[in-house]
>>> print(open('final-v5.txt').read())   # compact mmCIF, C-alpha atoms and all ligand atoms
# COMPACT_ATOMS: atom_id res chain seq x y z
CA MET A 1 0.00 0.00 0.00
CA LYS A 2 1.09 3.56 -0.68
CA ILE A 3 1.67 5.42 2.56
CA ALA A 4 3.16 8.69 1.34
CA GLU A 5 5.02 10.06 -1.67
CA GLN A 6 7.70 7.45 -2.61
CA LEU A 7 6.83 5.37 0.46
CA TYR A 8 5.14 1.96 0.35
CA GLY A 9 4.36 -0.60 3.03
CA PHE A 10 3.99 -4.33 2.41
CA ILE A 11 2.16 -5.14 5.63
CA TRP A 12 2.23 -8.78 6.69
CA ARG A 13 -1.30 -9.84 7.62
CA ASP A 14 -1.22 -13.62 7.23
CA PRO A 15 -1.84 -15.10 10.71
CA ARG A 16 -0.59 -18.53 9.63
CA ALA A 17 3.04 -17.37 9.55
CA ASN A 18 5.17 -14.88 11.43
CA ASN A 19 6.90 -12.37 9.20
CA GLY A 20 7.92 -8.75 9.39
CA ASN A 21 6.51 -5.82 7.45
CA THR A 22 8.63 -4.68 4.53
CA TYR A 23 8.86 -1.05 3.48
CA PHE A 24 9.90 0.25 0.09
CA ILE A 25 11.19 3.71 -0.73
CA ALA A 26 10.92 4.38 -4.43
CA GLY A 27 13.77 6.92 -4.54
CA PRO A 28 16.21 7.04 -6.25
CA PRO A 29 17.85 5.27 -4.66
CA LEU A 30 15.48 2.29 -4.35
CA ILE A 31 15.51 1.16 -0.71
CA LEU A 32 13.95 -1.92 0.84
CA ILE A 33 13.66 -2.05 4.62
CA ASP A 34 13.32 -5.40 6.44
CA PRO A 35 12.89 -7.86 3.56
CA GLY A 36 11.52 -10.50 5.97
CA HIS A 37 11.86 -14.27 5.95
CA ARG A 38 13.58 -15.70 2.94
CA HIS A 39 10.93 -18.36 2.29
CA LEU A 40 8.20 -15.70 2.40
CA PHE A 41 10.00 -13.21 0.17
CA GLY A 42 7.63 -14.10 -2.69
CA GLN A 43 5.12 -11.64 -1.27
CA VAL A 44 7.66 -8.79 -1.40
CA GLU A 45 8.47 -9.77 -4.95
CA GLU A 46 4.78 -9.65 -5.89
CA GLU A 47 4.24 -6.28 -4.22
CA LEU A 48 7.27 -4.85 -6.00
CA ALA A 49 6.05 -6.27 -9.31
CA ARG A 50 2.72 -4.50 -8.79
CA LEU A 51 4.72 -1.27 -8.68
CA SER A 52 6.76 -2.39 -11.71
CA TYR A 53 9.97 -3.06 -9.83
CA LYS A 54 12.11 -6.15 -9.41
CA PRO A 55 14.17 -7.12 -6.34
CA GLU A 56 17.41 -7.01 -8.29
CA GLN A 57 16.83 -3.33 -9.04
CA MET A 58 17.07 -2.41 -5.36
CA ASP A 59 20.01 -0.17 -4.54
CA ILE A 60 19.97 -0.73 -0.79
CA VAL A 61 18.33 -3.41 1.34
CA LEU A 62 18.59 -2.90 5.06
CA ALA A 63 17.44 -4.72 8.16
CA THR A 64 16.51 -2.92 11.37
CA HIS A 65 17.92 -5.86 13.32
CA ALA A 66 19.12 -9.42 12.82
CA HIS A 67 16.09 -11.53 13.71
CA PRO A 68 15.30 -13.88 10.82
CA ASP A 69 11.83 -12.42 10.17
CA HIS A 70 13.54 -9.12 9.27
CA LEU A 71 17.01 -10.05 8.08
CA GLU A 72 16.86 -13.32 6.17
CA GLY A 73 15.65 -11.79 2.93
CA LEU A 74 18.93 -9.86 2.75
CA PHE A 75 20.91 -13.02 2.05
CA GLN A 76 19.58 -13.40 -1.44
CA PHE A 77 20.73 -9.97 -2.63
CA GLN A 78 23.95 -9.60 -4.51
CA GLU A 79 26.08 -6.72 -5.68
CA PRO A 80 25.46 -4.10 -6.92
CA THR A 81 22.63 -4.09 -4.34
CA VAL A 82 24.11 -2.92 -1.04
CA THR A 83 22.97 -4.76 2.09
CA ALA A 84 22.98 -2.85 5.37
CA LEU A 85 22.69 -3.64 9.07
CA GLY A 86 23.50 -1.77 12.28
CA LEU A 87 27.15 -1.96 13.26
CA GLU A 88 26.44 -3.03 16.84
CA GLU A 89 23.93 -5.62 15.65
CA TYR A 90 26.45 -7.12 13.27
CA ASP A 91 29.07 -7.30 16.01
CA PHE A 92 26.52 -8.99 18.26
CA ILE A 93 25.39 -11.62 15.78
CA LYS A 94 28.93 -12.50 14.81
CA LYS A 95 29.49 -13.45 18.44
CA THR A 96 26.16 -15.02 19.30
CA ALA A 97 24.33 -16.17 16.19
CA ARG A 98 25.61 -19.70 16.30
CA ARG A 99 24.78 -20.09 19.97
CA ALA A 100 21.32 -18.62 19.45
CA GLY A 101 20.70 -20.86 16.48
CA TRP A 102 20.06 -18.04 14.02
CA ASP A 103 20.48 -18.82 10.40
CA LEU A 104 22.93 -16.31 9.02
CA GLY A 105 22.74 -17.56 5.49
CA GLY A 106 26.10 -19.23 5.60
CA GLU A 107 29.47 -18.17 6.88
CA ASN A 108 29.92 -15.38 4.42
CA PHE A 109 27.17 -12.95 5.23
CA GLU A 110 28.79 -9.58 5.49
CA PRO A 111 26.69 -6.44 5.07
CA GLY A 112 28.01 -3.99 2.50
CA LEU A 113 27.17 -1.09 4.81
CA LEU A 114 27.29 -1.01 8.59
CA LEU A 115 24.99 1.68 9.97
CA LYS A 116 26.05 3.91 12.82
CA GLU A 117 24.15 6.41 14.91
CA GLY A 118 23.90 9.71 13.02
CA ASN A 119 23.02 11.17 9.65
CA LEU A 120 22.78 8.91 6.63
CA LYS A 121 22.61 10.30 3.12
CA LEU A 122 21.46 7.86 0.46
CA GLY A 123 21.46 9.64 -2.90
CA ASP A 124 19.31 12.73 -2.37
CA LEU A 125 17.47 11.21 0.58
CA HIS A 126 18.40 12.18 4.12
CA PHE A 127 17.89 9.86 7.07
CA ARG A 128 18.93 9.70 10.66
CA VAL A 129 20.03 6.38 12.10
CA LEU A 130 19.18 5.87 15.76
CA THR A 131 20.70 2.99 17.65
CA THR A 132 17.85 1.69 19.77
CA PRO A 133 18.84 -1.35 21.84
CA GLY A 134 16.45 -3.29 24.04
CA HIS A 135 14.66 -5.72 21.73
CA SER A 136 17.98 -6.65 20.15
CA PRO A 137 21.30 -5.11 21.22
CA GLY A 138 22.09 -3.32 17.97
CA SER A 139 18.60 -2.58 16.61
CA ILE A 140 18.43 0.57 14.58
CA CYS A 141 15.51 2.83 13.78
CA LEU A 142 15.55 4.97 10.69
CA TYR A 143 14.07 8.47 10.66
CA TRP A 144 13.26 10.01 7.29
CA GLU A 145 13.08 13.69 8.08
CA ASP A 146 11.42 14.87 4.85
CA ARG A 147 8.41 12.61 5.46
CA LYS A 148 8.58 12.72 9.27
CA ALA A 149 8.52 8.95 8.95
CA LEU A 150 10.07 6.60 11.48
CA PHE A 151 10.88 2.97 10.74
CA THR A 152 10.93 1.32 14.15
CA GLY A 153 11.63 -2.37 13.52
CA ASP A 154 10.59 -4.26 16.65
CA VAL A 155 11.22 -1.42 19.12
CA ILE A 156 7.65 -0.09 19.16
CA PHE A 157 4.45 -1.21 17.44
CA ASN A 158 0.90 -0.01 17.16
CA GLN A 159 -0.17 -0.61 20.80
CA GLY A 160 2.84 -2.66 21.75
CA LEU A 161 6.58 -3.01 22.05
CA GLY A 162 9.25 -5.53 21.19
CA ARG A 163 9.85 -8.55 23.38
CA THR A 164 12.95 -8.51 25.54
CA ASP A 165 13.39 -12.23 26.21
CA LEU A 166 15.48 -13.01 23.13
CA PRO A 167 19.32 -13.04 23.24
CA GLY A 168 20.64 -9.60 24.17
CA GLY A 169 17.20 -8.22 25.06
CA ASP A 170 16.99 -5.65 27.86
CA GLY A 171 13.81 -4.03 29.18
CA GLU A 172 15.44 -0.92 30.66
CA MET A 173 17.30 -0.25 27.42
CA LEU A 174 14.08 -0.69 25.48
CA LYS A 175 12.34 1.94 27.62
CA LEU A 176 15.19 4.39 27.03
CA SER A 177 15.10 3.70 23.29
CA ILE A 178 11.34 4.28 23.11
CA ARG A 179 11.68 7.54 25.07
CA ARG A 180 14.27 8.72 22.56
CA LEU A 181 11.95 7.93 19.66
CA ALA A 182 9.02 9.66 21.35
CA ALA A 183 11.00 12.93 21.31
CA LEU A 184 11.20 12.95 17.49
CA ASP A 185 8.74 14.82 15.29
CA VAL A 186 6.97 11.80 13.76
CA GLU A 187 3.86 11.82 11.56
CA ILE A 188 4.19 8.29 10.17
CA LEU A 189 5.25 5.41 12.38
CA LEU A 190 6.26 2.30 10.44
CA PRO A 191 6.62 -0.71 12.75
CA GLY A 192 8.20 -4.05 11.93
CA HIS A 193 4.91 -5.84 12.67
CA GLY A 194 1.28 -4.76 12.66
CA GLU A 195 -0.36 -1.64 11.35
CA VAL A 196 1.22 1.67 10.39
CA ILE A 197 0.25 4.71 12.49
CA ILE A 198 -0.49 7.91 10.60
CA GLY A 199 -0.83 11.38 12.10
CA LYS A 200 1.22 13.20 14.70
CA GLU A 201 -1.52 12.94 17.35
CA ALA A 202 -2.01 9.21 16.82
CA VAL A 203 1.75 8.59 16.97
CA GLN A 204 2.13 10.55 20.20
CA THR A 205 -0.91 8.85 21.74
CA ASN A 206 0.65 5.51 20.90
CA PHE A 207 3.97 6.44 22.53
CA ARG A 208 2.07 7.53 25.67
CA MET A 209 -0.11 4.44 25.74
CA VAL A 210 2.84 2.08 25.34
CA ALA A 211 4.76 3.86 28.13
CA ASP A 212 1.75 4.01 30.49
CA TYR A 213 0.76 0.41 30.01
CA TRP A 214 3.66 -1.75 28.82
CA PHE A 215 6.51 -0.11 30.75
CA ASN A 216 5.06 -1.71 33.88
CA TYR A 217 5.67 -5.17 32.44
CA ILE A 218 9.25 -5.04 31.21
ZN ZN B 301 12.80 -8.93 16.29
>>> encode(input="final-v5.txt", output="structure tokens", more="lines below")
Ligand SMILES: [Zn+2]
Amino acid sequence: MKIAEQLYGFIWRDPRANNGNTYFIAGPPLILIDPGHRHLFGQVEEELARLSYKPEQMDIVLATHAHPDHLEGLFQFQEPTVTALGLEEYDFIKKTARRAGWDLGGENFEPGLLLKEGNLKLGDLHFRVLTTPGHSPGSICLYWEDRKALFTGDVIFNQGLGRTDLPGGDGEMLKLSIRRLAALDVEILLPGHGEVIIGKEAVQTNFRMVADYWFNYI
């Protein structure tokens, strides 16, 4: 679905399988965020085809964090497509992936771009990378200032927040990360699962509701 100018969301709504939402920015450059599970990538392919694009045309494919329902789809991309993951997340998975039983698509997975906290210019598009640990130690959120759009991965959802019981999860860190995000000027919140939130009021209400309710449980 089209969310805003150049911004599309492929929202996963099939209850029979867990998978992340994928977002597509029809730049240039062409950017895919959280390509999802590899075996479910067919849906992304279909959605792109509906917009007359093919996966191999993507310039950049990035994952907000390294859980398989966000990251796995990255493994099938090859140069010249650039794959990207947070620097801290990459360091973490190198150390722990084997132990945690995550499929890293073979020994050789190495992102082409490691994202650090700060400004990120991709072609003419300007983003801010925020390192937001808590759900996963090196999770990143991506803020697209021109659209006031925030890609949150599994940090915060519509009426919920990311679980903290997976390797490297930390409830206190997650609260701090969510507080940081709540301070941004956001009109479109694009979570890794569930429905998109549109409108500044609705986004702020969601931040408040999540803090008031869920912060008591983590
Ligand atoms: Zn996750």
>>> atom_distance(input="final-v5.txt", atom1="CA of Ile60 (chain A)", atom2="CA of Pro15 (chain A)")
28.5 Å
>>> closest_atom_pairs(input="final-v5.txt", of="chain A", to="ligand ZN 301 (chain B)", cutoff="7 Å", atoms="all atoms listed in the file", output="Markdown table")
| residue | atom | partner | partner_atom | distance |
| --- | --- | --- | --- | --- |
| A:His65 | CA | B:ZN301 | ZN | 6.7 |
| A:His67 | CA | B:ZN301 | ZN | 4.9 |
| A:His135 | CA | B:ZN301 | ZN | 6.6 |
| A:Ser136 | CA | B:ZN301 | ZN | 6.9 |
| A:Asp154 | CA | B:ZN301 | ZN | 5.2 |
| A:Gly162 | CA | B:ZN301 | ZN | 6.9 |
>>> residues_around(input="final-v5.txt", residues="Phe151 (chain A)", least_positions_apart="3", cutoff="9 Å", atoms="only C-alpha atoms", output="list in words")
Tyr23, Ile33, Thr64, Ile140, Cys141, Leu142, Tyr143, Trp144, Ile188, Leu189, Leu190, Pro191 and Gly192 of chain A
>>> atom_distance(input="final-v5.txt", atom1="CA of Ile11 (chain A)", atom2="CA of Asp212 (chain A)")
26.5 Å
>>> residues_around(input="final-v5.txt", residues="Gln159 (chain A)", least_positions_apart="4", cutoff="10 Å", atoms="all atoms listed in the file", output="list of chain:residue names")
A:Gly194, A:Glu195, A:Ile197, A:Thr205, A:Asn206, A:Phe207, A:Arg208, A:Met209, A:Val210, A:Ala211, A:Tyr213, A:Trp214
>>> closest_residue(input="final-v5.txt", among="A:Ser139, A:Ser52, A:Asn119, A:Thr132", to="Leu71 (chain A)", atoms="all atoms listed in the file")
A:Ser139
>>> atom_distance(input="final-v5.txt", atom1="CA of Pro35 (chain A)", atom2="CA of Leu62 (chain A)")
7.7 Å
>>> closest_residue(input="final-v5.txt", among="A:Val186, A:Leu51, A:Leu32, A:Ala84", to="Lys148 (chain A)", atoms="all atoms listed in the file")
A:Val186
>>> residues_around(input="final-v5.txt", residues="Glu187 (chain A)", least_positions_apart="2", cutoff="6 Å", atoms="only C-alpha atoms", output="PyMOL selection string")
chain A and resi 148+198-200
>>> closest_residue(input="final-v5.txt", among="A:Val203, A:Leu166, A:Leu115, A:Leu40", to="Asn18 (chain A)", atoms="all atoms listed in the file")
A:Leu40
>>> closest_residue(input="final-v5.txt", among="A:Gly36, A:Gly169, A:Pro137, A:Pro68", to="Gly86 (chain A)", atoms="all atoms listed in the file")
A:Pro137
